[in-house]
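Inspection log for the structure reproduced underneath, given as C-alpha cells.
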Amino acid sequence: MTLQQLHYSCSSAASGPRFTAASPDLPALLLGETEPLLTYEPPDTAPASGPARAFPAGSTDPTACNPTATSPTPTAPSGSPAGTGELVDLPVVFSHNRLSDGTRLLCRTVCTGTYLRGRRHAFHAHAVRLTQDGPLPGGLLPIEAWESPSWAETTPDDGVPVPLAAFAPARRIGKEGLLEFVTARAERLEPFLTDVRSLFRSPDSPQLLVIERDTTRIAHWIAVASAVLPREHAHRLTFTTYTRRPLLARHQIVGALPGSDFDYAHVAADRRYRVHDCAGGQSSPVRDEPDPWAVVAARVLLAGKPALFTEAARLRAAGDRDTTHDAGRLAAVALREGIALDSAGRAAAARWARQHGHHGQQVRPGRNGRQPADDRMDRADRADGVERADRTDGPGGAVPNAVLTALARGGTPRTSAEWAALAELADDFGPLTDHPAGERLRRDLRAELDRAAPGEPLEQVLSLLRLAEALRVDHTPVLTARLSAALLGDAQQDRERVWAAVTGRPGLTAAVLDALERTAATGDPSSVVRLLTTGFPKERLVDHPHLRMAAAVAGRPLPPDQDRTDLLTALTRAAGRRHGSDPAVLRTAYRLIWGSARPTAAEAAALLSRLPAERHRAAGLDDVLVRSALESGPDDEHAPAVARTLILRCGQRLDPRRRAALLLLDQAGALADGEEQPGFAARVLALREQAAPLEPAIDERVCGALLRRLLSGEPCHDELSALVRSGDEELLTAYARMARSGLADLVLRRSPEFAGVCFMAWNAEAGESDLWDDLRNDLLVTVLRPAVRRMTREELDEVQWFLSEQDGAWGEMFLDWNRRPGVLGRLGSLCRTAGARARPD
C-alpha cells in the first residue's frame with residue numbers, strides 16, 4: 001500500500017507557491033487545510049536578496065548545526081547589496097500535524113533559494129498523509145523520518161508523485177548522538193521531560209515552545225520526547241521543528257529560532273505555553289513539585305539507555321491503564337541496569353516491585369555482580385532511528401532480584417519515603433543478609449533506626465522494625481526507648497501494635513522490659529502502672545522487681561493515709577526477698593504510693609520509726625521527709641517530733657536554711673511542752689534569721705509558742721529582754737497584741753503574783769526604743785492597771801511581797817505606781833478590801 005503524497009513549491013517570484021503534484025486518491029477538500037501547513041516563512045536572518053541558491057536537504061556540513069557559520073557562495077553580482085553574496089543555512093521545517101478528519105500529515109519543507117528582488121524565498125514542501133493512529137510504514141515513529149532519503153527536494157517531472165510505500169531510515173539521531181545531545185542539555189532535561197509527560201494528560205495541556213539556534217537541535221528535543229513517551233503516544237505526538245510565528249502553531253511541541261515572532265513576557269502568565277529556551281533566553285520556571293518519573297527518565301537518558309523506556313512500558317500488565325507506577329516501572333529497570341537513582345527513584349522502584357514483582361528468589365551474583373538471568377535480558381530489538389528495545393521477560397522474571405540488590409546497595413542518602421517502601425519488601429530482603437549489598441543495607445538501617453526512632457510516626461518505626469527483623473539487625477537503645485515510650489503512651493492501639501511487634505523478637509522483648517524497668521526505677525512509675533493495668537502480660541516480670549511492684553499497685557485503690565506505710569512494706573516484699581533491701585526498690589515503692597506528693601507528718605513519723613537512717617538515706621527519701629516536716633500545718637502535733645528525728649539523723653547534710661527551720665520547729669514543740677531551755681528567745685530570734693525565708697506555718701507556730709511562753713505566768717525577764725533588744729517590730733507588736741487579747745488578763749485573774757511579773761516585764765528595758773516604750777506604757781495602762789484595781793488587799797499584798805523578794809527596788813516602784821491614781825483610787829481599793837474581809841467564808 002502506497003502513501004498519499006503532496007508536493008507544494010514556490011520556484012519563481014512570479015508564480016508564487018502552489019501545489020505541484022498530488023496523489024490521485026487524495027481528497028481535494030484537504031488541500032485547503034494542508035496549504036497553511038506547507039508554506040515557508042524564513043527567519044529574520046535570511047538574506048533579503050541574492051542569486052538563487054539551492055540548499056541540499058540533509059546536508060552534513062557542520063554549519064547546518066552552527067548558525068554562526070556560513071557556507072561559501074559565489075561572489076555577488078555587480079550592483080547587488082553588500083553581503084548578499086554570502087548565504088546562511090535556513091531552517092528545515094519538519095512537522096507532524098493532525099487534520100480535521102482525524103488523519104495526520106507528515107511534511108518536510110526546505111528553502112531552495114532566494115531571488116534578486118523582493119523578500120520571497122523559493123521553497124519546496126513534500127508531505128504524506130497518514131492514518132489516524134499507528135506507526136509509519138515499517139514501524140517508524142514520525143520523528144524517525146527526519147531527513148530520510150525518501151523525502152523529495154523537487155517536484156516530480158511529470159507531476160505525479162513517485163510511489164512511496166515506506167520511509168528509508170535516516171539514522172540521523174542514534175544512540176550516541178542522542179546521548180551527546182542530552183548530556184549537553186542536562187540542566188534542561190528534567191523540566192522538559194516533566195512537561196512532555198503532561199502533553200497527553202488532558203486536551204488543554206500546555207504547548208511546549210522549544211527555542212534553539214537550529215532545527216537539528218529542535219529535532220533532537222522531539223526525538224527525546226518520542227523516546228520517553230509510551231509508543232502509542234509517541235505515534236500521535238504533533239510537532240514542528242520550525243515556525244516563524246510559534247504562537248499561531250497548534251502542535252504539541254513547537255520549535256522556533258531566536259528572533260521569531262515571540263516574546264517571553266507576552267506568554268509568561270499564559271498557562272497555554274511552557275517555554276524551553278536553550279539559546280540563552282528566558283524559560284518557564286521549574287514546576288513546584290518535581291515529577292519522580294522525569295527525574296528517573298533524565299537519568300536513563302544520561303546513561304545512554306533510551307531502550308529502557310520501551311521495556312518499562314511493556315512491563316505494564318495487559319489492560320492496565322493506570323499510569324501511577326510509571327516512575328516505578330522505569331526506576332526498576334534502570335536499577336537493574338546499574339543506573340544510579342536518587343532516593344525518590346529507588347522508593348518508586350521498591351513500591352512497584354512490591355505490587356508487581358514476584359519476590360523471594362535467592363540472590364546469586366553473576367559476572368560483574370549481576371544476576372545470570374539479567375544477562376538474558378540484554379537481548380534487545382532495536383527499532384530504526386530512535387533506539388528502543390523490546391524485552392521478552394515479564395515482571396515475574398529476574399527483574400525483582402536485581403532490583404532488590406540495587407535497592408539494598410542504595411547510593412544517595414535514603415529518605416523516609418524510601419525506608420517505608422523498603423520496609424514493604426522486608427521479607428524479600430531476607431536472602432540478602434549475607435550479601436555485600438545486604439550488609440550495606442544493614443549498616444544504613446542501623447543508622448536510620450537511631451535517626452527515625454525519636455521523631456518519626458510509630459507506623460514508620462514499626463515498619464523499620466520488620467525490616468530489621470528480616471535482616472537480623474540488632475535493636476538499638478534509641479529504638480528501644482521509642483518503643484517503650486509508645487507502650488507507656490495513652491493510645492491503646494499503639495500499645496497493642498508495639499507489643500505485638502516486640503514479642504516476636506526475644507532480644508527486643510528483654511530490652512523493652514529492661515527499659516520499662518528503668519522507667520519504673522528512675523522515671524515516672526505511674527505510667528508503668530497504667531500500662532500494667534491494661535492487661536500487660538505480668539508473667540514476664542519475674543526478674544524485674546520494680547515492674548512487679550508496679551503490677552502489685554495496678555488496678556487497686558490506694559489506702560487511707562494511716563495505712564500507706566503498711567503498703568510500702570508490702571510492696572518491698574512483692575519485689576522479692578533478694579531485692580527488698582535495695583535502696584532503689586524502696587525509692588520506687590515510695591514513688592508508687594506517694595508519687596511527687598509528700599507524706600503527712602504522721603506518715604513521716606511512721607516511716608522514720610520503721611526505716612533505719614542509712615536505708616532512707618540511701619533511698620534518697622531524706623528530702624521528702626524534710627519537706628513533710630517543713631510543709632506541715634501550724635497545729636500538726638507530729639511535726640516537731642519528725643523535725644527532731646531528722647535533725648539527729650541528717651545532721652550537717654542539711655543545708656543551713658532548712659536545718660535552722662527544723663530547729664525552729666523542734667523549739668516550737670519544746671516551748672509548747674514546757675521543755676524549753678534558758679535562752680530560748682534569743683535562740684528563736686537567731687534561727688529565724690538563719691531560716692529566712694521561713695515557711696509561714698513554721699513561723700506562725702514558733703512565734704505563737706514563744707509569745708505564749710512569755711505571757712504564761714512564769715518569770716522570764718531575760719527572754720523578754722532579748723526580744724526587746726532585738727527590736728523585732730513584728731514580734732513586739734504581736735506580743736502586745738496577744739497581751740491585750742485577754743491572755744494576760746486571764747492569768748492575772750488566776751495568779752496575783754503574775755501582776756508583779758508583768759509589772760517587772762513592762763518596766764524593763766525602758767528607753768530601749770520608742771516602739772517598746774509606747775507598747776509597754778500602753779500595756780501598763782490598759783492591761784495591768786485595770787487588773788490591779790480589781791485586786792483585794794490580800795492580792796495586792798501578794799504582789800507586793802513577790803516584788804520585794806526580787807533584786808532591786810521593784811516593791812517601792814510598784815507602791816509608787818499604784819498610788820498614782822490618787823486618793824479616790826486608794827479609798828476605792830480599801831473599800832473593796834474591807835468588803836472582802838466582811839464576807840463570811
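In the C-alpha cells, chains take letters A, B, ... by order of appearance, with residues numbered from 1 within each chain and ligands from 1 in the order shown.
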- [ ] If you run DSSP over the backbone, which residues in region 163-361 of chain A end up alpha helix (DSSP H)? Put them as a PyMOL selection string.
- [x] chain A and resi 175-184+186-197+215-228+231-236+264-267+292-302+307-314+326-336+343-356
Can you tell me, as a compact mmCIF listing (two decimals) with C-alpha atoms, in the first residue's frame, what residues are no more than 9 Å from region 567-583 of chain A when counting only C-alpha atoms, ignoring any on the same chain fewer than 4 positions away?
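Heads up, here's the output in part.txt:
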# COMPACT_ATOMS: atom_id res chain seq x y z
CA HIS A 544 12.04 -7.15 87.20
CA PRO A 545 11.36 -6.12 90.83
CA HIS A 546 10.27 -2.59 90.00
CA LEU A 547 7.76 -3.84 87.44
CA ARG A 548 6.49 -6.41 89.94
CA MET A 549 5.80 -3.65 92.46
CA ALA A 550 4.04 -1.62 89.77
CA ALA A 552 1.04 -5.05 92.64
CA VAL A 553 -0.29 -1.48 92.65
CA LEU A 558 -4.56 3.45 97.41
CA PRO A 559 -5.39 3.01 101.13
CA ASP A 563 -2.31 2.62 106.00
CA ARG A 587 12.52 4.54 96.40
CA THR A 588 10.28 3.07 93.69
CA ALA A 589 7.85 1.71 96.29
CA TYR A 590 7.63 5.16 97.87
CA LEU A 592 4.39 4.29 93.54
CA ILE A 593 2.43 5.26 96.67
CA ARG A 615 18.19 2.97 104.49
CA HIS A 616 16.04 6.04 103.91
CA ARG A 617 19.24 7.99 103.29
CA ALA A 618 20.38 5.56 100.57
CA ALA A 619 16.90 5.60 99.00
CA GLY A 620 17.02 9.40 98.73
Open item on the list: When you look at region 653-660 of chain A with a cut-off of 10 Å (counting only C-alpha atoms), what residues show up, excluding the ones that are within fewer than 3 positions of it in the same chain? I need them as a ChimeraX atom specification.
Closed with: /A:622-623,626-627,630,643,646-647,649-650,663-666,684,686-695
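As for CA of Arg185 (chain A) and CA of Cys278 (chain A), they are spaced 8.1 Å apart.
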Open item on the list: I'd like the neighbourhood of Gly32 (chain A) as a list of chain:residue names, where a residue qualifies if any of its atoms comes within 12 Å (using only C-alpha atoms), though same-chain residues fewer than 5 positions away should be ignored.
Closed with: A:Tyr8, A:Arg18, A:Phe19, A:Pro27, A:Leu37, A:Leu38, A:Thr39, A:Leu99, A:Ser100
- [ ] Give me the residues within 8 Å of Val642 (chain A) as a PyMOL selection string, counting only C-alpha atoms and dropping any in the same chain fewer than 4 places off.
- [x] chain A and resi 601+604-605+608+629+638+646
Using the selection just defined, write its residues with N, CA, C and O atoms as a compact mmCIF listing (two decimals), in the first residue's frame.
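In the end it all went to out32.txt:
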# COMPACT_ATOMS: atom_id res chain seq x y z
N ALA A 601 2.90 14.47 108.12
CA ALA A 601 3.85 14.39 109.23
C ALA A 601 3.67 13.08 109.99
O ALA A 601 4.65 12.47 110.45
N ALA A 604 5.32 10.48 107.94
CA ALA A 604 6.77 10.64 108.04
C ALA A 604 7.28 10.08 109.36
O ALA A 604 8.33 9.44 109.41
N ALA A 605 6.54 10.34 110.44
CA ALA A 605 6.95 9.79 111.73
C ALA A 605 6.94 8.27 111.70
O ALA A 605 7.85 7.62 112.24
N LEU A 608 9.94 7.03 109.68
CA LEU A 608 11.18 7.17 110.43
C LEU A 608 11.30 6.12 111.52
O LEU A 608 12.41 5.68 111.87
N ALA A 629 8.05 17.66 107.08
CA ALA A 629 8.07 18.42 108.34
C ALA A 629 7.92 19.91 108.09
O ALA A 629 7.13 20.59 108.76
N HIS A 638 2.54 16.02 115.07
CA HIS A 638 3.66 15.13 114.79
C HIS A 638 4.88 15.85 114.23
O HIS A 638 5.98 15.30 114.25
N LEU A 646 14.82 14.10 112.33
CA LEU A 646 15.59 14.43 111.13
C LEU A 646 16.85 15.20 111.47
O LEU A 646 17.89 15.03 110.81
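Distances from A:Ala294, A:Leu422, A:Leu315, A:Ala152 to His356 (chain A) were compared using only C-alpha atoms, and the smallest one belongs to A:Leu315.
Excluding Arg497 (chain A) itself and any same-chain residue fewer than 3 positions from it, the protein and nucleic acid residues within 10 Å of it, counting only C-alpha atoms, are Leu458, Glu459, Leu462, Ala486, Leu487, Gln492, Gln493, Asp494, Ala500, Ala501 and Val502 of chain A.
Distances to Gln800 (chain A) were evaluated for A:Cys703, A:Ala755, A:Val624, A:Leu780 using only C-alpha atoms, and the minimum falls at A:Ala755.
If you measure from each of A:Arg245, A:Arg188, A:Arg213, A:Arg610 to Ser284 (chain A) using only C-alpha atoms, the closest one turns out to be A:Arg188.
Pairwise distance (CA of Val781 (chain A), CA of Val747 (chain A)) equals 16.9 Å.
Relative to CA of Thr2 (chain A), CA of Pro169 (chain A) is found at 16.8 Å.
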